[in-house]
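Everything below belongs to final24.txt, which stores compact mmCIF, all heavy atoms.
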```txt
# COMPACT_ATOMS: atom_id res chain seq x y z
N MET A 9 170.02 107.44 117.26
CA MET A 9 170.58 107.56 118.60
C MET A 9 171.89 108.32 118.50
O MET A 9 172.72 108.05 117.67
CB MET A 9 170.81 106.17 119.19
CG MET A 9 171.29 106.18 120.59
SD MET A 9 171.15 104.47 121.16
CE MET A 9 172.02 104.58 122.65
N SER A 10 172.08 109.25 119.38
CA SER A 10 173.26 110.09 119.38
C SER A 10 174.44 109.39 120.02
O SER A 10 174.30 108.58 120.93
CB SER A 10 172.96 111.39 120.14
OG SER A 10 174.12 112.14 120.29
N ASN A 11 175.64 109.71 119.56
CA ASN A 11 176.85 109.18 120.16
C ASN A 11 177.40 110.10 121.23
O ASN A 11 178.46 109.85 121.78
CB ASN A 11 177.92 108.94 119.10
CG ASN A 11 177.61 107.73 118.24
OD1 ASN A 11 176.92 106.83 118.69
ND2 ASN A 11 178.10 107.72 117.04
N ASP A 12 176.70 111.19 121.52
CA ASP A 12 177.13 112.11 122.56
C ASP A 12 177.00 111.44 123.91
O ASP A 12 176.00 110.79 124.21
CB ASP A 12 176.28 113.39 122.57
CG ASP A 12 176.46 114.20 121.30
OD1 ASP A 12 177.51 114.03 120.64
OD2 ASP A 12 175.56 114.98 120.98
N VAL A 13 178.04 111.60 124.72
CA VAL A 13 178.03 111.02 126.06
C VAL A 13 177.53 112.08 127.03
O VAL A 13 178.08 113.17 127.10
CB VAL A 13 179.43 110.54 126.47
CG1 VAL A 13 179.41 110.02 127.90
CG2 VAL A 13 179.93 109.47 125.52
N GLU A 14 176.48 111.75 127.76
CA GLU A 14 175.98 112.66 128.77
C GLU A 14 176.75 112.41 130.06
O GLU A 14 177.15 111.30 130.36
CB GLU A 14 174.49 112.42 129.00
CG GLU A 14 173.64 112.78 127.81
CD GLU A 14 172.16 112.61 128.11
OE1 GLU A 14 171.78 112.77 129.27
OE2 GLU A 14 171.42 112.33 127.16
N HIS A 15 176.93 113.46 130.83
CA HIS A 15 177.66 113.34 132.09
C HIS A 15 176.66 113.20 133.22
O HIS A 15 175.73 113.97 133.36
CB HIS A 15 178.55 114.56 132.30
CG HIS A 15 179.60 114.67 131.25
ND1 HIS A 15 180.74 113.91 131.27
CD2 HIS A 15 179.67 115.42 130.12
CE1 HIS A 15 181.48 114.20 130.21
NE2 HIS A 15 180.85 115.10 129.50
N TYR A 16 176.86 112.18 134.03
CA TYR A 16 175.97 111.90 135.16
C TYR A 16 176.74 112.09 136.45
O TYR A 16 177.93 111.82 136.54
CB TYR A 16 175.48 110.45 135.10
CG TYR A 16 174.60 110.17 133.91
CD1 TYR A 16 175.11 109.61 132.75
CD2 TYR A 16 173.24 110.46 133.95
CE1 TYR A 16 174.30 109.36 131.66
CE2 TYR A 16 172.43 110.20 132.87
CZ TYR A 16 172.96 109.65 131.74
OH TYR A 16 172.16 109.39 130.66
N SER A 17 176.05 112.54 137.48
CA SER A 17 176.69 112.72 138.77
C SER A 17 176.79 111.39 139.52
O SER A 17 177.65 111.22 140.36
CB SER A 17 175.92 113.73 139.62
OG SER A 17 174.60 113.28 139.82
N ASP A 18 175.93 110.45 139.21
CA ASP A 18 175.95 109.14 139.86
C ASP A 18 176.78 108.18 139.01
O ASP A 18 176.43 107.91 137.85
CB ASP A 18 174.52 108.63 140.02
CG ASP A 18 174.44 107.34 140.80
OD1 ASP A 18 175.50 106.77 141.15
OD2 ASP A 18 173.32 106.90 141.08
N PRO A 19 177.86 107.62 139.57
CA PRO A 19 178.71 106.70 138.78
C PRO A 19 177.95 105.49 138.25
O PRO A 19 178.25 104.99 137.18
CB PRO A 19 179.79 106.27 139.77
CG PRO A 19 179.76 107.25 140.88
CD PRO A 19 178.39 107.85 140.90
N GLN A 20 176.96 105.00 139.01
CA GLN A 20 176.19 103.85 138.53
C GLN A 20 175.37 104.21 137.30
O GLN A 20 175.27 103.41 136.37
CB GLN A 20 175.29 103.32 139.64
CG GLN A 20 176.06 102.67 140.76
CD GLN A 20 175.16 102.17 141.87
OE1 GLN A 20 174.04 102.64 142.02
NE2 GLN A 20 175.64 101.24 142.65
N ASP A 21 174.80 105.41 137.28
CA ASP A 21 174.05 105.85 136.10
C ASP A 21 174.98 105.96 134.90
O ASP A 21 174.61 105.60 133.78
CB ASP A 21 173.37 107.20 136.35
CG ASP A 21 172.18 107.09 137.29
OD1 ASP A 21 171.70 105.96 137.53
OD2 ASP A 21 171.75 108.14 137.79
N ALA A 22 176.18 106.47 135.11
CA ALA A 22 177.15 106.60 134.02
C ALA A 22 177.54 105.23 133.49
O ALA A 22 177.67 105.04 132.28
CB ALA A 22 178.37 107.37 134.51
N MET A 23 177.72 104.25 134.39
CA MET A 23 178.08 102.91 133.97
C MET A 23 176.97 102.29 133.12
O MET A 23 177.22 101.70 132.08
CB MET A 23 178.36 102.03 135.19
CG MET A 23 178.77 100.61 134.84
SD MET A 23 179.03 99.57 136.28
CE MET A 23 177.35 99.33 136.83
N ILE A 24 175.73 102.45 133.57
CA ILE A 24 174.59 101.92 132.82
C ILE A 24 174.50 102.59 131.45
O ILE A 24 174.27 101.93 130.44
CB ILE A 24 173.29 102.08 133.62
CG1 ILE A 24 173.33 101.16 134.83
CG2 ILE A 24 172.07 101.78 132.76
CD1 ILE A 24 172.22 101.40 135.83
N ALA A 25 174.73 103.90 131.40
CA ALA A 25 174.70 104.63 130.13
C ALA A 25 175.75 104.09 129.18
O ALA A 25 175.50 103.93 127.98
CB ALA A 25 174.90 106.12 130.37
N GLN A 26 176.94 103.77 129.69
CA GLN A 26 178.00 103.22 128.85
C GLN A 26 177.61 101.85 128.31
O GLN A 26 177.85 101.55 127.14
CB GLN A 26 179.31 103.12 129.64
CG GLN A 26 179.97 104.45 129.89
CD GLN A 26 180.46 105.10 128.62
OE1 GLN A 26 180.94 104.44 127.69
NE2 GLN A 26 180.33 106.41 128.55
N PHE A 27 177.04 101.00 129.16
CA PHE A 27 176.59 99.68 128.70
C PHE A 27 175.56 99.82 127.59
O PHE A 27 175.62 99.13 126.56
CB PHE A 27 175.98 98.86 129.84
CG PHE A 27 176.99 98.16 130.70
CD1 PHE A 27 177.14 98.51 132.02
CD2 PHE A 27 177.78 97.15 130.19
CE1 PHE A 27 178.06 97.86 132.84
CE2 PHE A 27 178.72 96.49 130.98
CZ PHE A 27 178.85 96.86 132.30
N LEU A 28 174.60 100.72 127.77
CA LEU A 28 173.56 100.90 126.77
C LEU A 28 174.13 101.48 125.48
O LEU A 28 173.70 101.11 124.39
CB LEU A 28 172.46 101.79 127.33
CG LEU A 28 171.66 101.19 128.49
CD1 LEU A 28 170.68 102.22 129.04
CD2 LEU A 28 170.94 99.92 128.07
N MET A 29 175.07 102.40 125.61
CA MET A 29 175.65 103.03 124.43
C MET A 29 176.43 102.01 123.59
O MET A 29 176.46 102.08 122.37
CB MET A 29 176.57 104.17 124.85
CG MET A 29 176.97 105.07 123.70
SD MET A 29 177.74 106.57 124.30
CE MET A 29 179.44 106.10 124.20
N HIS A 30 177.05 101.03 124.26
CA HIS A 30 177.85 100.04 123.56
C HIS A 30 177.09 98.74 123.32
O HIS A 30 177.67 97.73 122.92
CB HIS A 30 179.14 99.75 124.34
CG HIS A 30 180.03 100.94 124.44
ND1 HIS A 30 180.67 101.49 123.35
CD2 HIS A 30 180.38 101.70 125.49
CE1 HIS A 30 181.38 102.53 123.74
NE2 HIS A 30 181.22 102.69 125.05
N ASN A 31 175.77 98.77 123.56
CA ASN A 31 174.90 97.61 123.32
C ASN A 31 175.37 96.36 124.04
O ASN A 31 175.36 95.27 123.50
CB ASN A 31 174.77 97.33 121.82
CG ASN A 31 174.05 98.44 121.11
OD1 ASN A 31 173.10 98.99 121.62
ND2 ASN A 31 174.52 98.79 119.93
N ASP A 32 175.82 96.52 125.30
CA ASP A 32 176.25 95.39 126.12
C ASP A 32 175.10 94.92 127.01
O ASP A 32 175.24 94.79 128.22
CB ASP A 32 177.45 95.78 127.00
CG ASP A 32 178.70 96.06 126.19
OD1 ASP A 32 178.82 95.49 125.09
OD2 ASP A 32 179.56 96.82 126.66
N GLY A 33 173.98 94.66 126.40
CA GLY A 33 172.78 94.29 127.16
C GLY A 33 172.93 93.02 127.96
O GLY A 33 172.45 92.93 129.09
N ASP A 34 173.61 92.01 127.40
CA ASP A 34 173.77 90.75 128.12
C ASP A 34 174.60 90.94 129.38
O ASP A 34 174.27 90.41 130.45
CB ASP A 34 174.42 89.69 127.23
CG ASP A 34 173.50 89.22 126.12
OD1 ASP A 34 172.27 89.38 126.26
OD2 ASP A 34 174.01 88.70 125.11
N GLU A 35 175.68 91.68 129.28
CA GLU A 35 176.53 91.93 130.45
C GLU A 35 175.79 92.75 131.50
O GLU A 35 175.87 92.48 132.70
CB GLU A 35 177.82 92.63 130.03
CG GLU A 35 178.84 92.71 131.14
CD GLU A 35 180.17 93.25 130.67
OE1 GLU A 35 180.40 93.35 129.45
OE2 GLU A 35 180.99 93.57 131.55
N LEU A 36 175.05 93.74 131.05
CA LEU A 36 174.25 94.56 131.96
C LEU A 36 173.20 93.70 132.65
O LEU A 36 172.99 93.81 133.87
CB LEU A 36 173.59 95.71 131.21
CG LEU A 36 172.72 96.65 132.04
CD1 LEU A 36 173.52 97.30 133.16
CD2 LEU A 36 172.10 97.72 131.16
N THR A 37 172.55 92.81 131.92
CA THR A 37 171.56 91.91 132.51
C THR A 37 172.19 91.03 133.58
O THR A 37 171.63 90.84 134.66
CB THR A 37 170.91 91.04 131.42
OG1 THR A 37 170.26 91.90 130.48
CG2 THR A 37 169.89 90.08 132.02
N ASP A 38 173.39 90.50 133.30
CA ASP A 38 174.09 89.67 134.28
C ASP A 38 174.37 90.44 135.57
O ASP A 38 174.21 89.92 136.67
CB ASP A 38 175.40 89.13 133.70
CG ASP A 38 175.18 88.14 132.58
OD1 ASP A 38 174.06 87.60 132.45
OD2 ASP A 38 176.14 87.90 131.81
N ILE A 39 174.79 91.69 135.43
CA ILE A 39 175.09 92.53 136.60
C ILE A 39 173.82 92.80 137.40
O ILE A 39 173.80 92.70 138.63
CB ILE A 39 175.75 93.85 136.16
CG1 ILE A 39 177.16 93.56 135.63
CG2 ILE A 39 175.80 94.85 137.31
CD1 ILE A 39 177.79 94.74 134.93
N LEU A 40 172.73 93.11 136.70
CA LEU A 40 171.47 93.40 137.38
C LEU A 40 170.91 92.16 138.08
O LEU A 40 170.39 92.26 139.20
CB LEU A 40 170.45 93.96 136.39
CG LEU A 40 170.81 95.33 135.81
CD1 LEU A 40 169.82 95.72 134.72
CD2 LEU A 40 170.85 96.38 136.90
N VAL A 41 171.03 91.00 137.46
CA VAL A 41 170.55 89.76 138.09
C VAL A 41 171.37 89.46 139.34
O VAL A 41 170.82 89.09 140.38
CB VAL A 41 170.61 88.58 137.09
CG1 VAL A 41 170.43 87.24 137.79
CG2 VAL A 41 169.55 88.75 136.01
N ALA A 42 172.68 89.65 139.27
CA ALA A 42 173.53 89.43 140.44
C ALA A 42 173.17 90.39 141.57
O ALA A 42 173.13 89.99 142.75
CB ALA A 42 175.01 89.58 140.06
N ALA A 43 172.87 91.63 141.22
CA ALA A 43 172.47 92.61 142.24
C ALA A 43 171.15 92.22 142.89
O ALA A 43 170.99 92.34 144.11
CB ALA A 43 172.37 94.00 141.62
N LEU A 44 170.21 91.74 142.10
CA LEU A 44 168.93 91.28 142.65
C LEU A 44 169.12 90.08 143.56
O LEU A 44 168.49 89.99 144.63
CB LEU A 44 167.94 90.94 141.53
CG LEU A 44 167.25 92.11 140.87
CD1 LEU A 44 166.45 91.63 139.67
CD2 LEU A 44 166.33 92.82 141.86
N GLU A 45 169.97 89.15 143.16
CA GLU A 45 170.24 87.98 144.00
C GLU A 45 170.84 88.41 145.34
O GLU A 45 170.46 87.89 146.39
CB GLU A 45 171.17 87.00 143.28
CG GLU A 45 170.50 86.28 142.13
CD GLU A 45 171.47 85.45 141.30
OE1 GLU A 45 172.71 85.64 141.41
OE2 GLU A 45 170.99 84.61 140.52
N ASP A 46 171.77 89.37 145.31
CA ASP A 46 172.36 89.89 146.55
C ASP A 46 171.29 90.55 147.41
O ASP A 46 171.26 90.36 148.63
CB ASP A 46 173.47 90.91 146.25
CG ASP A 46 174.73 90.25 145.73
OD1 ASP A 46 174.89 89.02 145.87
OD2 ASP A 46 175.58 90.99 145.19
N ALA A 47 170.41 91.33 146.79
CA ALA A 47 169.36 92.02 147.54
C ALA A 47 168.42 91.01 148.20
O ALA A 47 168.07 91.16 149.37
CB ALA A 47 168.58 92.95 146.62
N PHE A 48 168.03 89.98 147.48
CA PHE A 48 167.15 88.96 148.05
C PHE A 48 167.85 88.18 149.16
O PHE A 48 167.23 87.82 150.16
CB PHE A 48 166.63 88.01 146.97
CG PHE A 48 165.59 88.63 146.08
CD1 PHE A 48 165.67 88.47 144.70
CD2 PHE A 48 164.54 89.37 146.60
CE1 PHE A 48 164.71 89.03 143.87
CE2 PHE A 48 163.58 89.93 145.78
CZ PHE A 48 163.67 89.76 144.41
N ARG A 49 169.14 87.93 149.01
CA ARG A 49 169.90 87.23 150.05
C ARG A 49 169.93 88.08 151.32
O ARG A 49 169.69 87.59 152.42
CB ARG A 49 171.32 86.93 149.58
CG ARG A 49 172.17 86.22 150.64
CD ARG A 49 173.62 86.06 150.19
NE ARG A 49 174.21 87.28 149.68
CZ ARG A 49 174.67 88.29 150.44
NH1 ARG A 49 174.56 88.23 151.73
NH2 ARG A 49 175.22 89.35 149.88
N ILE A 50 170.19 89.37 151.16
CA ILE A 50 170.24 90.29 152.31
C ILE A 50 168.87 90.36 152.99
O ILE A 50 168.77 90.30 154.22
CB ILE A 50 170.73 91.68 151.88
CG1 ILE A 50 172.20 91.61 151.48
CG2 ILE A 50 170.50 92.71 152.98
CD1 ILE A 50 172.71 92.84 150.77
N LEU A 51 167.82 90.48 152.18
CA LEU A 51 166.47 90.51 152.75
C LEU A 51 166.15 89.21 153.49
O LEU A 51 165.53 89.23 154.55
CB LEU A 51 165.43 90.75 151.66
CG LEU A 51 165.36 92.17 151.11
CD1 LEU A 51 164.42 92.21 149.90
CD2 LEU A 51 164.88 93.13 152.18
N GLY A 52 166.57 88.10 152.93
CA GLY A 52 166.35 86.81 153.59
C GLY A 52 167.09 86.73 154.91
O GLY A 52 166.55 86.24 155.91
N ASP A 53 168.33 87.21 154.95
CA ASP A 53 169.10 87.23 156.18
C ASP A 53 168.44 88.11 157.23
O ASP A 53 168.36 87.75 158.40
CB ASP A 53 170.53 87.72 155.93
CG ASP A 53 171.36 86.77 155.09
OD1 ASP A 53 170.93 85.60 154.92
OD2 ASP A 53 172.43 87.19 154.61
N GLU A 54 167.94 89.27 156.81
CA GLU A 54 167.26 90.18 157.72
C GLU A 54 165.97 89.57 158.25
O GLU A 54 165.64 89.71 159.42
CB GLU A 54 166.96 91.52 157.04
CG GLU A 54 168.18 92.35 156.74
CD GLU A 54 168.88 92.81 158.01
OE1 GLU A 54 168.19 93.17 158.98
OE2 GLU A 54 170.13 92.78 158.02
N PHE A 55 165.24 88.88 157.40
CA PHE A 55 163.98 88.26 157.81
C PHE A 55 164.24 87.18 158.85
O PHE A 55 163.51 87.07 159.83
CB PHE A 55 163.26 87.68 156.59
CG PHE A 55 161.92 87.08 156.93
CD1 PHE A 55 160.83 87.89 157.22
CD2 PHE A 55 161.76 85.71 156.97
CE1 PHE A 55 159.60 87.34 157.55
CE2 PHE A 55 160.54 85.15 157.29
CZ PHE A 55 159.45 85.97 157.58
N GLN A 56 165.30 86.39 158.66
CA GLN A 56 165.63 85.33 159.62
C GLN A 56 166.07 85.92 160.95
O GLN A 56 165.81 85.35 162.01
CB GLN A 56 166.72 84.44 159.06
CG GLN A 56 166.25 83.56 157.92
CD GLN A 56 167.37 82.73 157.32
OE1 GLN A 56 168.52 82.86 157.71
NE2 GLN A 56 167.02 81.89 156.36
N THR A 57 166.73 87.06 160.93
CA THR A 57 167.17 87.73 162.16
C THR A 57 165.98 88.21 162.98
O THR A 57 166.00 88.13 164.20
CB THR A 57 168.09 88.92 161.83
OG1 THR A 57 169.19 88.45 161.05
CG2 THR A 57 168.59 89.59 163.06
N ILE A 58 164.95 88.70 162.29
CA ILE A 58 163.77 89.22 162.97
C ILE A 58 162.96 88.10 163.62
O ILE A 58 162.48 88.23 164.72
CB ILE A 58 162.88 90.03 161.99
CG1 ILE A 58 163.63 91.29 161.56
CG2 ILE A 58 161.54 90.38 162.63
CD1 ILE A 58 162.94 92.04 160.44
N HIS A 59 162.82 86.99 162.93
CA HIS A 59 161.98 85.90 163.44
C HIS A 59 162.81 84.93 164.18
O HIS A 59 163.38 84.17 164.31
CB HIS A 59 161.22 85.24 162.30
CG HIS A 59 160.11 86.10 161.81
ND1 HIS A 59 160.33 87.22 161.06
CD2 HIS A 59 158.78 86.04 161.98
CE1 HIS A 59 159.18 87.79 160.76
NE2 HIS A 59 158.21 87.09 161.31
```

For this file, produce the structure as structure tokens.
Amino acid sequence: MSNDVEHYSDPQDAMIAQFLMHNDGDELTDILVAALEDAFRILGDEFQTIH
């Protein structure tokens, strides 16, 4: 695996690349799980608004 840092136009892609480059898988997993929980909460709120 190369240590060269690729430049991304999307800041989120760059952040993920940094986590992967530094082998911070656990921290990245925690962030992704929190994002999924937020997404499901928002979807649940929207579903309740419709019905």

Between atom CA of Leu40 of chain A and atom CG of Asp53 of chain A - distance in Å to one decimal: 18.9 Å

Hey, can you check how far atom O of Asp32 of chain A sits from atom O of Gln20 of chain A?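 Value for the atom O of Asp32 of chain A-atom O of Gln20 of chain A distance: 11.9 Å.
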
Where is the centre and how long are the edges: axis-aligned box on segment 35-45 of chain A, 8 Å on each side, Å to one decimal, as JSON:
```
{"center_x": 173.7, "center_y": 91.2, "center_z": 137.8, "size_x": 30.7, "size_y": 29.1, "size_z": 33.1}
```

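Note that the spacing between atom CB of Pro19 of chain A and atom CG2 of Ile39 of chain A amounts to 12.3 Å.
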
Out of A:Thr57, A:Arg49, A:Val41, A:Leu36, which residue has the shortest atom-to-atom distance to Ile24 of chain A when counting all atoms listed in the file? A:Leu36
